[in-house]
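Pasted below: entry-v9.json, JSON, C-alpha atoms.
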```
[["chain", "number", "residue", "atom", "x", "y", "z"],
["A", 1, "MET", "CA", 0.00, 0.00, 0.00],
["A", 2, "ALA", "CA", 2.88, 2.38, 0.77],
["A", 3, "ARG", "CA", 4.38, 1.87, -2.70],
["A", 4, "TYR", "CA", 1.00, 2.49, -4.31],
["A", 5, "LEU", "CA", 0.56, 5.65, -2.23],
["A", 6, "VAL", "CA", 4.00, 7.00, -3.21],
["A", 7, "ARG", "CA", 3.42, 6.17, -6.88],
["A", 8, "ARG", "CA", 0.06, 7.94, -6.98],
["A", 9, "PHE", "CA", 1.44, 10.95, -5.10],
["A", 10, "LEU", "CA", 4.34, 11.32, -7.54],
["A", 11, "TRP", "CA", 1.96, 11.05, -10.47],
["A", 12, "ALA", "CA", -0.20, 13.77, -8.89],
["A", 13, "CYS", "CA", 2.88, 16.01, -8.63],
["A", 14, "VAL", "CA", 3.65, 15.45, -12.32],
["A", 15, "LEU", "CA", 0.09, 16.37, -13.23],
["A", 16, "PHE", "CA", 0.35, 19.50, -11.09],
["A", 17, "ILE", "CA", 3.49, 20.66, -12.91],
["A", 18, "ALA", "CA", 1.92, 19.90, -16.28],
["A", 19, "VAL", "CA", -1.30, 21.76, -15.48],
["A", 20, "THR", "CA", 0.45, 24.86, -14.16],
["A", 21, "PHE", "CA", 2.86, 24.92, -17.11],
["A", 22, "VAL", "CA", 0.18, 24.53, -19.78],
["A", 23, "THR", "CA", -2.03, 27.10, -18.07],
["A", 24, "TYR", "CA", 0.81, 29.58, -17.83],
["A", 25, "VAL", "CA", 1.75, 29.02, -21.48],
["A", 26, "ILE", "CA", -1.83, 29.61, -22.64],
["A", 27, "PHE", "CA", -2.12, 32.89, -20.77],
["A", 28, "PHE", "CA", 1.38, 33.98, -21.78],
["A", 29, "VAL", "CA", 0.71, 33.68, -25.51],
["A", 30, "VAL", "CA", -2.63, 35.52, -25.32],
["A", 31, "PRO", "CA", -2.33, 38.57, -27.64],
["A", 32, "ALA", "CA", -2.92, 41.28, -25.06],
["A", 33, "ASN", "CA", -0.94, 43.66, -22.89],
["A", 34, "PRO", "CA", -1.85, 43.24, -19.20],
["A", 35, "ALA", "CA", 0.38, 46.19, -18.31],
["A", 36, "ARG", "CA", -1.78, 48.45, -20.46],
["A", 37, "LEU", "CA", -4.90, 47.19, -18.68],
["A", 38, "ALA", "CA", -3.33, 47.65, -15.26],
["A", 39, "ALA", "CA", -2.02, 51.14, -16.04],
["A", 40, "GLY", "CA", -5.20, 52.32, -17.71],
["A", 41, "GLN", "CA", -6.08, 53.10, -21.31],
["A", 42, "SER", "CA", -4.97, 56.73, -20.96],
["A", 43, "ALA", "CA", -1.51, 55.88, -19.57],
["A", 44, "THR", "CA", 1.57, 56.98, -21.45],
["A", 45, "PRO", "CA", 3.98, 54.45, -22.98],
["A", 46, "GLU", "CA", 6.51, 55.29, -20.25],
["A", 47, "ARG", "CA", 3.95, 54.55, -17.57],
["A", 48, "VAL", "CA", 2.98, 51.29, -19.24],
["A", 49, "HIS", "CA", 6.66, 50.30, -19.34],
["A", 50, "GLU", "CA", 7.01, 51.06, -15.63],
["A", 51, "VAL", "CA", 3.97, 48.93, -14.81],
["A", 52, "GLU", "CA", 5.28, 46.14, -17.05],
["A", 53, "LYS", "CA", 8.59, 46.19, -15.18],
["A", 54, "PHE", "CA", 6.82, 46.33, -11.80],
["A", 55, "LEU", "CA", 4.71, 43.29, -12.66],
["A", 56, "GLY", "CA", 7.73, 41.40, -14.01],
["A", 57, "LEU", "CA", 6.23, 41.11, -17.48],
["A", 58, "ASP", "CA", 9.43, 42.30, -19.14],
["A", 59, "GLN", "CA", 11.31, 39.15, -18.13],
["A", 60, "PRO", "CA", 11.62, 35.98, -20.27],
["A", 61, "PHE", "CA", 8.80, 33.49, -20.16],
["A", 62, "TYR", "CA", 10.68, 30.76, -18.30],
["A", 63, "VAL", "CA", 11.79, 33.23, -15.60],
["A", 64, "GLN", "CA", 8.20, 34.36, -15.07],
["A", 65, "TYR", "CA", 6.98, 30.76, -14.88],
["A", 66, "LEU", "CA", 9.68, 29.68, -12.40],
["A", 67, "LYS", "CA", 8.91, 32.65, -10.17],
["A", 68, "PHE", "CA", 5.22, 31.88, -10.41],
["A", 69, "LEU", "CA", 5.80, 28.20, -9.56],
["A", 70, "LYS", "CA", 8.11, 29.08, -6.66],
["A", 71, "ARG", "CA", 5.59, 31.54, -5.26],
["A", 72, "LEU", "CA", 2.76, 29.04, -5.70],
["A", 73, "VAL", "CA", 4.54, 26.05, -4.12],
["A", 74, "LEU", "CA", 6.58, 27.69, -1.36],
["A", 75, "GLU", "CA", 4.35, 30.61, -0.43],
["A", 76, "GLY", "CA", 0.96, 29.33, -1.59],
["A", 77, "SER", "CA", 0.37, 32.61, -3.40],
["A", 78, "MET", "CA", -1.22, 33.00, -6.84],
["A", 79, "GLY", "CA", -0.13, 36.61, -7.21],
["A", 80, "GLN", "CA", -2.15, 39.80, -7.41],
["A", 81, "SER", "CA", -4.87, 41.03, -9.70],
["A", 82, "PHE", "CA", -3.69, 43.25, -12.54],
["A", 83, "VAL", "CA", -6.83, 45.37, -12.21],
["A", 84, "THR", "CA", -7.65, 45.64, -8.49],
["A", 85, "ARG", "CA", -4.19, 44.81, -7.10],
["A", 86, "GLN", "CA", -5.86, 42.54, -4.56],
["A", 87, "SER", "CA", -4.55, 39.11, -3.71],
["A", 88, "VAL", "CA", -5.80, 36.35, -6.01],
["A", 89, "ASN", "CA", -5.89, 34.03, -2.98],
["A", 90, "GLU", "CA", -8.49, 36.28, -1.34],
["A", 91, "GLU", "CA", -10.61, 36.21, -4.49],
["A", 92, "ILE", "CA", -10.41, 32.41, -4.63],
["A", 93, "LEU", "CA", -11.13, 31.95, -0.92],
["A", 94, "ARG", "CA", -14.17, 34.20, -1.20],
["A", 95, "ALA", "CA", -15.64, 32.38, -4.21],
["A", 96, "ALA", "CA", -14.55, 28.79, -3.52],
["A", 97, "PRO", "CA", -17.05, 28.05, -0.68],
["A", 98, "ILE", "CA", -19.95, 29.00, -2.95],
["A", 99, "THR", "CA", -18.83, 26.68, -5.74],
["A", 100, "ALA", "CA", -17.90, 23.94, -3.25],
["A", 101, "SER", "CA", -21.39, 24.15, -1.74],
["A", 102, "LEU", "CA", -22.91, 23.77, -5.18],
["A", 103, "VAL", "CA", -20.64, 20.92, -6.32],
["A", 104, "PHE", "CA", -20.75, 18.80, -3.16],
["A", 105, "GLY", "CA", -24.44, 19.43, -2.60],
["A", 106, "ALA", "CA", -25.13, 18.33, -6.16],
["A", 107, "MET", "CA", -22.96, 15.22, -5.77],
["A", 108, "ILE", "CA", -24.83, 14.20, -2.61],
["A", 109, "LEU", "CA", -28.13, 14.55, -4.47],
["A", 110, "VAL", "CA", -26.72, 12.66, -7.47],
["A", 111, "LEU", "CA", -25.75, 9.68, -5.33],
["A", 112, "SER", "CA", -28.99, 9.83, -3.34],
["A", 113, "ILE", "CA", -31.05, 9.73, -6.55],
["A", 114, "SER", "CA", -29.01, 7.54, -8.88],
["A", 115, "ILE", "CA", -27.91, 4.66, -6.63],
["A", 116, "PRO", "CA", -31.38, 3.59, -5.37],
["A", 117, "LEU", "CA", -32.99, 4.23, -8.75],
["A", 118, "GLY", "CA", -30.27, 2.34, -10.62],
["A", 119, "ILE", "CA", -30.39, -0.62, -8.22],
["A", 120, "PHE", "CA", -34.17, -0.99, -8.31],
["A", 121, "SER", "CA", -34.18, -0.65, -12.10],
["A", 122, "ALA", "CA", -31.61, -3.44, -12.41],
["A", 123, "LEU", "CA", -33.49, -5.71, -10.02],
["A", 124, "ARG", "CA", -36.76, -5.16, -11.92],
["A", 125, "PRO", "CA", -35.76, -4.84, -15.59],
["A", 126, "ARG", "CA", -38.45, -3.75, -18.05],
["A", 127, "SER", "CA", -40.77, -2.84, -15.19],
["A", 128, "LEU", "CA", -42.64, 0.46, -14.97],
["A", 129, "LEU", "CA", -39.95, 1.85, -12.66],
["A", 130, "ASP", "CA", -37.22, 0.78, -15.05],
["A", 131, "ARG", "CA", -38.91, 2.42, -18.02],
["A", 132, "ALA", "CA", -39.51, 5.61, -16.04],
["A", 133, "ALA", "CA", -35.86, 5.63, -14.99],
["A", 134, "MET", "CA", -34.69, 5.29, -18.58],
["A", 135, "ILE", "CA", -36.95, 8.19, -19.61],
["A", 136, "TYR", "CA", -35.37, 10.27, -16.86],
["A", 137, "VAL", "CA", -31.91, 9.24, -18.06],
["A", 138, "LEU", "CA", -32.75, 10.38, -21.59],
["A", 139, "ILE", "CA", -34.09, 13.72, -20.35],
["A", 140, "GLY", "CA", -31.14, 14.32, -18.03],
["A", 141, "ILE", "CA", -28.58, 13.60, -20.75],
["A", 142, "SER", "CA", -30.32, 15.57, -23.49],
["A", 143, "LEU", "CA", -31.32, 18.83, -21.81],
["A", 144, "PRO", "CA", -28.72, 21.52, -21.01],
["A", 145, "SER", "CA", -28.22, 22.45, -17.38],
["A", 146, "PHE", "CA", -28.96, 26.16, -17.79],
["A", 147, "TRP", "CA", -32.33, 25.40, -19.44],
["A", 148, "ILE", "CA", -33.31, 23.09, -16.57],
["A", 149, "GLY", "CA", -32.19, 25.78, -14.13],
["A", 150, "LEU", "CA", -34.33, 28.43, -15.82],
["A", 151, "VAL", "CA", -37.39, 26.15, -15.87],
["A", 152, "LEU", "CA", -37.00, 25.16, -12.21],
["A", 153, "SER", "CA", -36.33, 28.76, -11.23],
["A", 154, "TYR", "CA", -39.53, 29.88, -12.94],
["A", 155, "LEU", "CA", -41.78, 27.04, -11.77],
["A", 156, "VAL", "CA", -40.45, 26.25, -8.28],
["A", 157, "GLY", "CA", -39.02, 29.60, -7.30],
["A", 158, "PHE", "CA", -41.24, 32.18, -9.04],
["A", 159, "ARG", "CA", -44.61, 30.54, -9.64],
["A", 160, "LEU", "CA", -44.80, 28.33, -6.54],
["A", 161, "GLY", "CA", -42.52, 30.43, -4.32],
["A", 162, "TRP", "CA", -41.05, 27.40, -2.59],
["A", 163, "THR", "CA", -37.40, 28.45, -2.89],
["A", 164, "PRO", "CA", -35.41, 31.62, -3.62],
["A", 165, "ILE", "CA", -34.40, 32.10, -7.24],
["A", 166, "ALA", "CA", -31.10, 33.88, -6.54],
["A", 167, "GLY", "CA", -28.64, 34.72, -3.80],
["A", 168, "TYR", "CA", -26.33, 32.97, -1.36],
["A", 169, "CYS", "CA", -26.23, 32.89, 2.45],
["A", 170, "GLU", "CA", -23.11, 32.34, 4.52],
["A", 171, "VAL", "CA", -23.06, 29.45, 6.99],
["A", 172, "PHE", "CA", -20.23, 30.75, 9.16],
["A", 173, "SER", "CA", -18.89, 34.27, 9.71],
["A", 174, "VAL", "CA", -22.16, 35.87, 8.71],
["A", 175, "PRO", "CA", -21.75, 39.66, 8.16],
["A", 176, "GLU", "CA", -23.80, 41.88, 10.47],
["A", 177, "ALA", "CA", -25.54, 43.60, 7.57],
["A", 178, "ALA", "CA", -26.38, 40.32, 5.81],
["A", 179, "ALA", "CA", -30.06, 39.65, 5.13],
["A", 180, "CYS", "CA", -29.67, 35.93, 5.84],
["A", 181, "GLY", "CA", -27.21, 33.51, 7.36],
["A", 182, "GLY", "CA", -26.85, 30.16, 9.04],
["A", 183, "LEU", "CA", -27.21, 26.54, 8.01],
["A", 184, "TRP", "CA", -30.95, 26.66, 7.33],
["A", 185, "ASP", "CA", -30.81, 29.77, 5.14],
["A", 186, "TRP", "CA", -27.81, 28.37, 3.28],
["A", 187, "ALA", "CA", -29.61, 25.09, 2.51],
["A", 188, "TYR", "CA", -32.81, 26.99, 1.61],
["A", 189, "HIS", "CA", -30.96, 29.08, -1.00],
["A", 190, "MET", "CA", -28.80, 26.24, -2.36],
["A", 191, "ILE", "CA", -31.37, 23.46, -2.77],
["A", 192, "LEU", "CA", -32.57, 24.62, -6.19],
["A", 193, "PRO", "CA", -29.08, 25.17, -7.74],
["A", 194, "CYS", "CA", -27.86, 21.85, -6.36],
["A", 195, "LEU", "CA", -30.95, 20.05, -7.64],
["A", 196, "THR", "CA", -30.51, 21.60, -11.09],
["A", 197, "LEU", "CA", -26.89, 20.46, -11.36],
["A", 198, "ALA", "CA", -27.74, 17.04, -9.91],
["A", 199, "MET", "CA", -30.54, 16.36, -12.39],
["A", 200, "VAL", "CA", -28.13, 16.66, -15.30],
["A", 201, "VAL", "CA", -25.46, 14.36, -13.85],
["A", 202, "ALA", "CA", -27.74, 11.84, -12.12],
["A", 203, "GLY", "CA", -29.06, 10.52, -15.43],
["A", 204, "THR", "CA", -25.62, 9.20, -16.37],
["A", 205, "TYR", "CA", -25.17, 7.64, -12.94],
["A", 206, "VAL", "CA", -28.55, 5.89, -13.04],
["A", 207, "ARG", "CA", -27.66, 4.22, -16.32],
["A", 208, "PHE", "CA", -24.18, 3.30, -15.08],
["A", 209, "VAL", "CA", -25.37, 1.86, -11.75],
["A", 210, "ARG", "CA", -28.09, -0.10, -13.50],
["A", 211, "ALA", "CA", -25.61, -1.63, -15.95],
["A", 212, "GLU", "CA", -23.09, -2.49, -13.22],
["A", 213, "VAL", "CA", -25.69, -4.15, -10.99],
["A", 214, "MET", "CA", -27.10, -6.17, -13.89],
["A", 215, "ASP", "CA", -23.62, -7.35, -14.89],
["A", 216, "THR", "CA", -22.77, -8.30, -11.31],
["A", 217, "LEU", "CA", -26.01, -10.27, -10.94],
["A", 218, "ASN", "CA", -24.80, -12.58, -13.74],
["A", 219, "MET", "CA", -21.42, -13.27, -12.12],
["A", 220, "ASP", "CA", -20.51, -16.79, -10.99],
["A", 221, "PHE", "CA", -19.99, -15.86, -7.34],
["A", 222, "VAL", "CA", -23.55, -14.49, -7.17],
["A", 223, "ARG", "CA", -24.99, -17.71, -8.58],
["A", 224, "THR", "CA", -22.83, -19.67, -6.14],
["A", 225, "ALA", "CA", -24.10, -17.66, -3.17],
["A", 226, "ARG", "CA", -27.68, -18.26, -4.25],
["A", 227, "ALA", "CA", -27.00, -21.97, -4.79],
["A", 228, "LYS", "CA", -25.70, -22.23, -1.22],
["A", 229, "GLY", "CA", -29.02, -20.91, 0.04],
["A", 230, "ALA", "CA", -27.96, -17.39, 1.02],
["A", 231, "PRO", "CA", -30.91, -15.03, 1.52],
["A", 232, "GLU", "CA", -31.57, -12.74, -1.43],
["A", 233, "ARG", "CA", -31.11, -9.64, 0.73],
["A", 234, "THR", "CA", -27.68, -10.88, 1.82],
["A", 235, "VAL", "CA", -26.71, -11.69, -1.77],
["A", 236, "ILE", "CA", -27.68, -8.21, -2.96],
["A", 237, "ARG", "CA", -26.11, -6.32, -0.07],
["A", 238, "THR", "CA", -22.90, -8.32, 0.44],
["A", 239, "HIS", "CA", -22.04, -9.67, -3.00],
["A", 240, "VAL", "CA", -23.76, -7.52, -5.61],
["A", 241, "LEU", "CA", -23.64, -3.97, -4.24],
["A", 242, "ARG", "CA", -20.14, -4.21, -2.82],
["A", 243, "ASN", "CA", -18.72, -5.12, -6.24],
["A", 244, "ALA", "CA", -21.05, -3.04, -8.40],
["A", 245, "MET", "CA", -20.37, 0.17, -6.46],
["A", 246, "LEU", "CA", -16.59, 0.06, -6.96],
["A", 247, "PRO", "CA", -16.66, 1.73, -10.41],
["A", 248, "VAL", "CA", -19.04, 4.36, -9.02],
["A", 249, "VAL", "CA", -16.30, 5.48, -6.62],
["A", 250, "THR", "CA", -14.03, 6.12, -9.59],
["A", 251, "MET", "CA", -16.76, 8.02, -11.43],
["A", 252, "VAL", "CA", -17.30, 10.34, -8.47],
["A", 253, "GLY", "CA", -13.67, 11.44, -8.54],
["A", 254, "MET", "CA", -13.63, 11.88, -12.30],
["A", 255, "ASP", "CA", -16.89, 13.83, -12.40],
["A", 256, "ILE", "CA", -15.75, 16.49, -9.95],
["A", 257, "GLY", "CA", -14.24, 18.30, -12.92],
["A", 258, "LEU", "CA", -17.48, 18.01, -14.89],
["A", 259, "LEU", "CA", -19.43, 19.43, -11.98],
["A", 260, "LEU", "CA", -17.01, 22.33, -11.66],
["A", 261, "GLY", "CA", -17.49, 23.08, -15.35],
["A", 262, "GLY", "CA", -21.26, 22.80, -15.13],
["A", 263, "ALA", "CA", -21.32, 24.97, -12.01],
["A", 264, "ILE", "CA", -20.34, 28.00, -14.12],
["A", 265, "PHE", "CA", -23.69, 27.97, -15.93],
["A", 266, "ILE", "CA", -25.69, 27.20, -12.77],
["A", 267, "GLU", "CA", -24.03, 30.09, -10.93],
["A", 268, "ALA", "CA", -24.95, 32.43, -13.76],
["A", 269, "VAL", "CA", -28.60, 31.30, -13.71],
["A", 270, "PHE", "CA", -29.05, 31.63, -9.94],
["A", 271, "GLY", "CA", -26.85, 34.67, -9.35],
["A", 272, "LEU", "CA", -24.14, 32.89, -7.35],
["A", 273, "ASN", "CA", -20.83, 34.73, -7.35],
["A", 274, "GLY", "CA", -18.64, 31.64, -7.09],
["A", 275, "LEU", "CA", -15.60, 30.59, -9.07],
["A", 276, "GLY", "CA", -17.59, 30.63, -12.29],
["A", 277, "GLY", "CA", -18.74, 34.19, -11.76],
["A", 278, "THR", "CA", -15.23, 35.23, -10.77],
["A", 279, "ALA", "CA", -13.82, 33.65, -13.93],
["A", 280, "LEU", "CA", -16.38, 35.34, -16.18],
["A", 281, "GLU", "CA", -15.74, 38.70, -14.51],
["A", 282, "SER", "CA", -11.98, 38.32, -14.92],
["A", 283, "ILE", "CA", -12.46, 37.44, -18.60],
["A", 284, "GLY", "CA", -14.49, 40.60, -19.12],
["A", 285, "ARG", "CA", -11.77, 42.83, -17.71],
["A", 286, "PHE", "CA", -8.93, 40.59, -18.93],
["A", 287, "ASP", "CA", -7.54, 40.05, -15.44],
["A", 288, "LEU", "CA", -5.17, 37.17, -16.22],
["A", 289, "PRO", "CA", -3.89, 36.39, -12.68],
["A", 290, "VAL", "CA", -7.42, 35.93, -11.32],
["A", 291, "LEU", "CA", -8.52, 33.83, -14.29],
["A", 292, "GLN", "CA", -5.33, 31.80, -14.07],
["A", 293, "GLY", "CA", -5.87, 31.33, -10.33],
["A", 294, "VAL", "CA", -9.39, 30.00, -10.88],
["A", 295, "VAL", "CA", -8.18, 27.54, -13.53],
["A", 296, "ILE", "CA", -5.28, 26.28, -11.43],
["A", 297, "PHE", "CA", -7.42, 26.02, -8.30],
["A", 298, "GLY", "CA", -9.97, 23.93, -10.16],
["A", 299, "ALA", "CA", -7.27, 21.73, -11.68],
["A", 300, "VAL", "CA", -5.57, 21.18, -8.32],
["A", 301, "ALA", "CA", -8.93, 20.32, -6.74],
["A", 302, "ILE", "CA", -9.56, 17.72, -9.44],
["A", 303, "ILE", "CA", -6.06, 16.23, -8.95],
["A", 304, "ILE", "CA", -6.54, 16.01, -5.18],
["A", 305, "PHE", "CA", -9.95, 14.38, -5.43],
["A", 306, "SER", "CA", -8.70, 11.94, -8.06],
["A", 307, "LEU", "CA", -5.84, 10.99, -5.74],
["A", 308, "VAL", "CA", -8.22, 10.50, -2.82],
["A", 309, "VAL", "CA", -10.54, 8.36, -4.96],
["A", 310, "ASP", "CA", -7.62, 6.23, -6.18],
["A", 311, "LEU", "CA", -6.52, 5.60, -2.60],
["A", 312, "LEU", "CA", -10.07, 4.85, -1.50],
["A", 313, "TYR", "CA", -10.50, 2.48, -4.43],
["A", 314, "ALA", "CA", -7.28, 0.67, -3.49],
["A", 315, "TRP", "CA", -8.43, 0.41, 0.10],
["A", 316, "ILE", "CA", -11.81, -1.06, -0.95],
["A", 317, "ASP", "CA", -10.35, -3.43, -3.56],
["A", 318, "PRO", "CA", -6.85, -4.73, -2.61],
["A", 319, "ARG", "CA", -6.33, -6.11, -6.13],
["A", 320, "ILE", "CA", -5.77, -2.54, -7.40],
["A", 321, "ARG", "CA", -2.58, -2.23, -5.33],
["A", 322, "LEU", "CA", -0.94, -5.01, -7.32],
["A", 323, "THR", "CA", -1.53, -3.44, -10.75]]
```
For this file, write the structure as structure tokens.
Amino acid sequence: MARYLVRRFLWACVLFIAVTFVTYVIFFVVPANPARLAAGQSATPERVHEVEKFLGLDQPFYVQYLKFLKRLVLEGSMGQSFVTRQSVNEEILRAAPITASLVFGAMILVLSISIPLGIFSALRPRSLLDRAAMIYVLIGISLPSFWIGLVLSYLVGFRLGWTPIAGYCEVFSVPEAAACGGLWDWAYHMILPCLTLAMVVAGTYVRFVRAEVMDTLNMDFVRTARAKGAPERTVIRTHVLRNAMLPVVTMVGMDIGLLLGGAIFIEAVFGLNGLGGTALESIGRFDLPVLQGVVIFGAVAIIIFSLVVDLLYAWIDPRIRLT
């Protein structure tokens, strides 16, 4: 297990270097002058040159990247905004809890919906529940997330008035002037965005869980357990689900990136100023450090969760450690 842990950790470090390098290259070759944006459109060429030197943009590319990597690894700093001169870390820390609430809340709903529905559909193939589940899968895969969000916002939030249609409430460190705050208000405002994002992803999981359970039901060890007289509930719980759920663990880690990407559209629909809103705002004003910080933060989060899922998978199934 120790060798597997070291190997996966080293591979995660390689991915981190690759992601930061590619991201830095992409933003470096963008045909724009950040110094001009930071100095202002009315600044003189001498002033632009001073700002360029102050920001270190006059140095070779590899020098800039090494300084950026050193600052990121040793100091944990992503630099400062070219426009506001505020720390990028502060921007990320302000927006990350909102996106994290959306992503993890959606993933909890995805698993809560897809696993029971997929299992019951596999145990009763071609039944009414199975056909209804497949219709839901088709709808969830076909419809875009922002359209579902707009429909739910109009029907559930506006027409029925069951949930808010916009806004976010802090759970901890609630500002004194805030209109809402606390766990209940947070869940009340986030239920509709999380449900919107979950409905899109859950369709894929329902189909996947159904296929895995049906394949596992046809395995020899399941037929052997039944032949020995094991109760059906024990066969399903101990033999079928334990093996069928292993690939689902891998999917959860891989789909974190998809949820982060889908969260951008959901945040725009429900007025959540998370990482997606921060990225769109930085694109509009061409604030490269902030946009780069959002991209790297998301990539690092995906790498970390993939590493955790790999280790969890190896702990659940010892055969993975030998591969």
Just to confirm, what's the straight-line distance from atom CA of Leu217 of chain A to atom CA of Gly118 of chain A in Å (one decimal)?
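Separation between atom CA of Leu217 of chain A and atom CA of Gly118 of chain A: 13.3 Å.
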Which residues come within 12 Å of Val252 of chain A, counting only C-alpha atoms, excluding same-chain residues fewer than 6 positions away, as a list of chain:residue names?
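What passes the distance filter is A:Val103, A:Phe104, A:Ala106, A:Met107, A:Ile108, A:Val110, A:Leu111, A:Val201, A:Ala202, A:Thr204, A:Tyr205, A:Phe208, A:Met245, A:Leu246, A:Leu258, A:Leu259, A:Ile302, A:Phe305, A:Ser306, A:Leu307, A:Val308, A:Val309, A:Asp310, A:Leu312, A:Tyr313.
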Of the candidates A:Phe297, A:Arg71, A:Phe270, A:Thr238, which shows the shortest atom-to-atom distance to Pro164 of chain A, using all atoms listed in the file?
A:Phe270
With a distance cut-off of 9 Å and all atoms listed in the file, select the neighbouring residues of Leu288 of chain A, excluding the residue or stretch itself and same-chain residues fewer than 2 positions from it, and output the selection as a count of residues only.
12
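You can rank A:Leu74, A:Val209, A:Ala96, A:Leu192 by their closest distance to Val151 of chain A using all atoms listed in the file, and at the top of that list sits A:Leu192.
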I'd like the interatomic distance between atom CA of Leu260 of chain A and atom CA of Ala132 of chain A, to a tenth of an Å.
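One can read the atom CA of Leu260 of chain A to atom CA of Ala132 of chain A distance as 28.4 Å.
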Nearest to Pro193 of chain A among A:Val269, A:Val137, A:Ala279, A:Val249, with distances taken over only C-alpha atoms: which residue is it?
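Of A:Val269, A:Val137, A:Ala279, A:Val249, the one nearest Pro193 of chain A is A:Val269, counting only C-alpha atoms.
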If I take atom CA of Ala198 of chain A and atom CA of Ala122 of chain A, how far is one from the other in Å, to one decimal?
21.0 Å
Between A:Glu212, A:Ile266, A:Arg233, A:Ala133, which residue has the minimum interatomic distance to Thr196 of chain A, considering all atoms listed in the file?
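When distances to Thr196 of chain A are compared using all atoms listed in the file, the smallest one comes from A:Ile266.
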Check the smallest atom-to-atom distance from each of A:Val213, A:Ala18, A:Val240, A:Ala299 to Arg124 of chain A using only C-alpha atoms, then report the winner.
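That would be A:Val213, the residue with the smallest distance to Arg124 of chain A.
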Within 6 Å of file point (-32.7, 12.2, -15.3), counting all atoms listed in the file, expressed as a list of chain:residue names:
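Answer for this query, in the requested form: A:Tyr136, A:Val137, A:Ile139, A:Gly140, A:Met199, A:Ala202, A:Gly203.
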Keeping just all heavy atoms, export segment 200-204 of chain A of this structure as a compact mmCIF listing (two decimals), in the first residue's frame.
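Final output, result29.txt:
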```
# COMPACT_ATOMS: atom_id res chain seq x y z
N VAL A 200 -28.87 16.88 -14.06
CA VAL A 200 -28.13 16.66 -15.30
C VAL A 200 -27.19 15.48 -15.17
O VAL A 200 -27.08 14.63 -16.06
CB VAL A 200 -27.35 17.94 -15.68
CG1 VAL A 200 -26.56 17.71 -16.96
CG2 VAL A 200 -28.30 19.11 -15.85
N VAL A 201 -26.48 15.38 -14.03
CA VAL A 201 -25.46 14.36 -13.85
C VAL A 201 -26.06 13.03 -13.41
O VAL A 201 -25.55 11.96 -13.76
CB VAL A 201 -24.40 14.84 -12.82
CG1 VAL A 201 -23.28 13.82 -12.66
CG2 VAL A 201 -23.84 16.19 -13.24
N ALA A 202 -27.17 13.08 -12.67
CA ALA A 202 -27.74 11.84 -12.12
C ALA A 202 -28.20 10.89 -13.20
O ALA A 202 -28.19 9.67 -12.99
CB ALA A 202 -28.91 12.19 -11.19
N GLY A 203 -28.62 11.41 -14.36
CA GLY A 203 -29.06 10.52 -15.43
C GLY A 203 -27.97 9.56 -15.87
O GLY A 203 -28.22 8.36 -16.07
N THR A 204 -26.74 10.07 -16.00
CA THR A 204 -25.62 9.20 -16.37
C THR A 204 -25.35 8.16 -15.30
O THR A 204 -25.07 6.98 -15.59
CB THR A 204 -24.37 10.05 -16.62
OG1 THR A 204 -24.66 11.03 -17.62
CG2 THR A 204 -23.21 9.18 -17.08
```
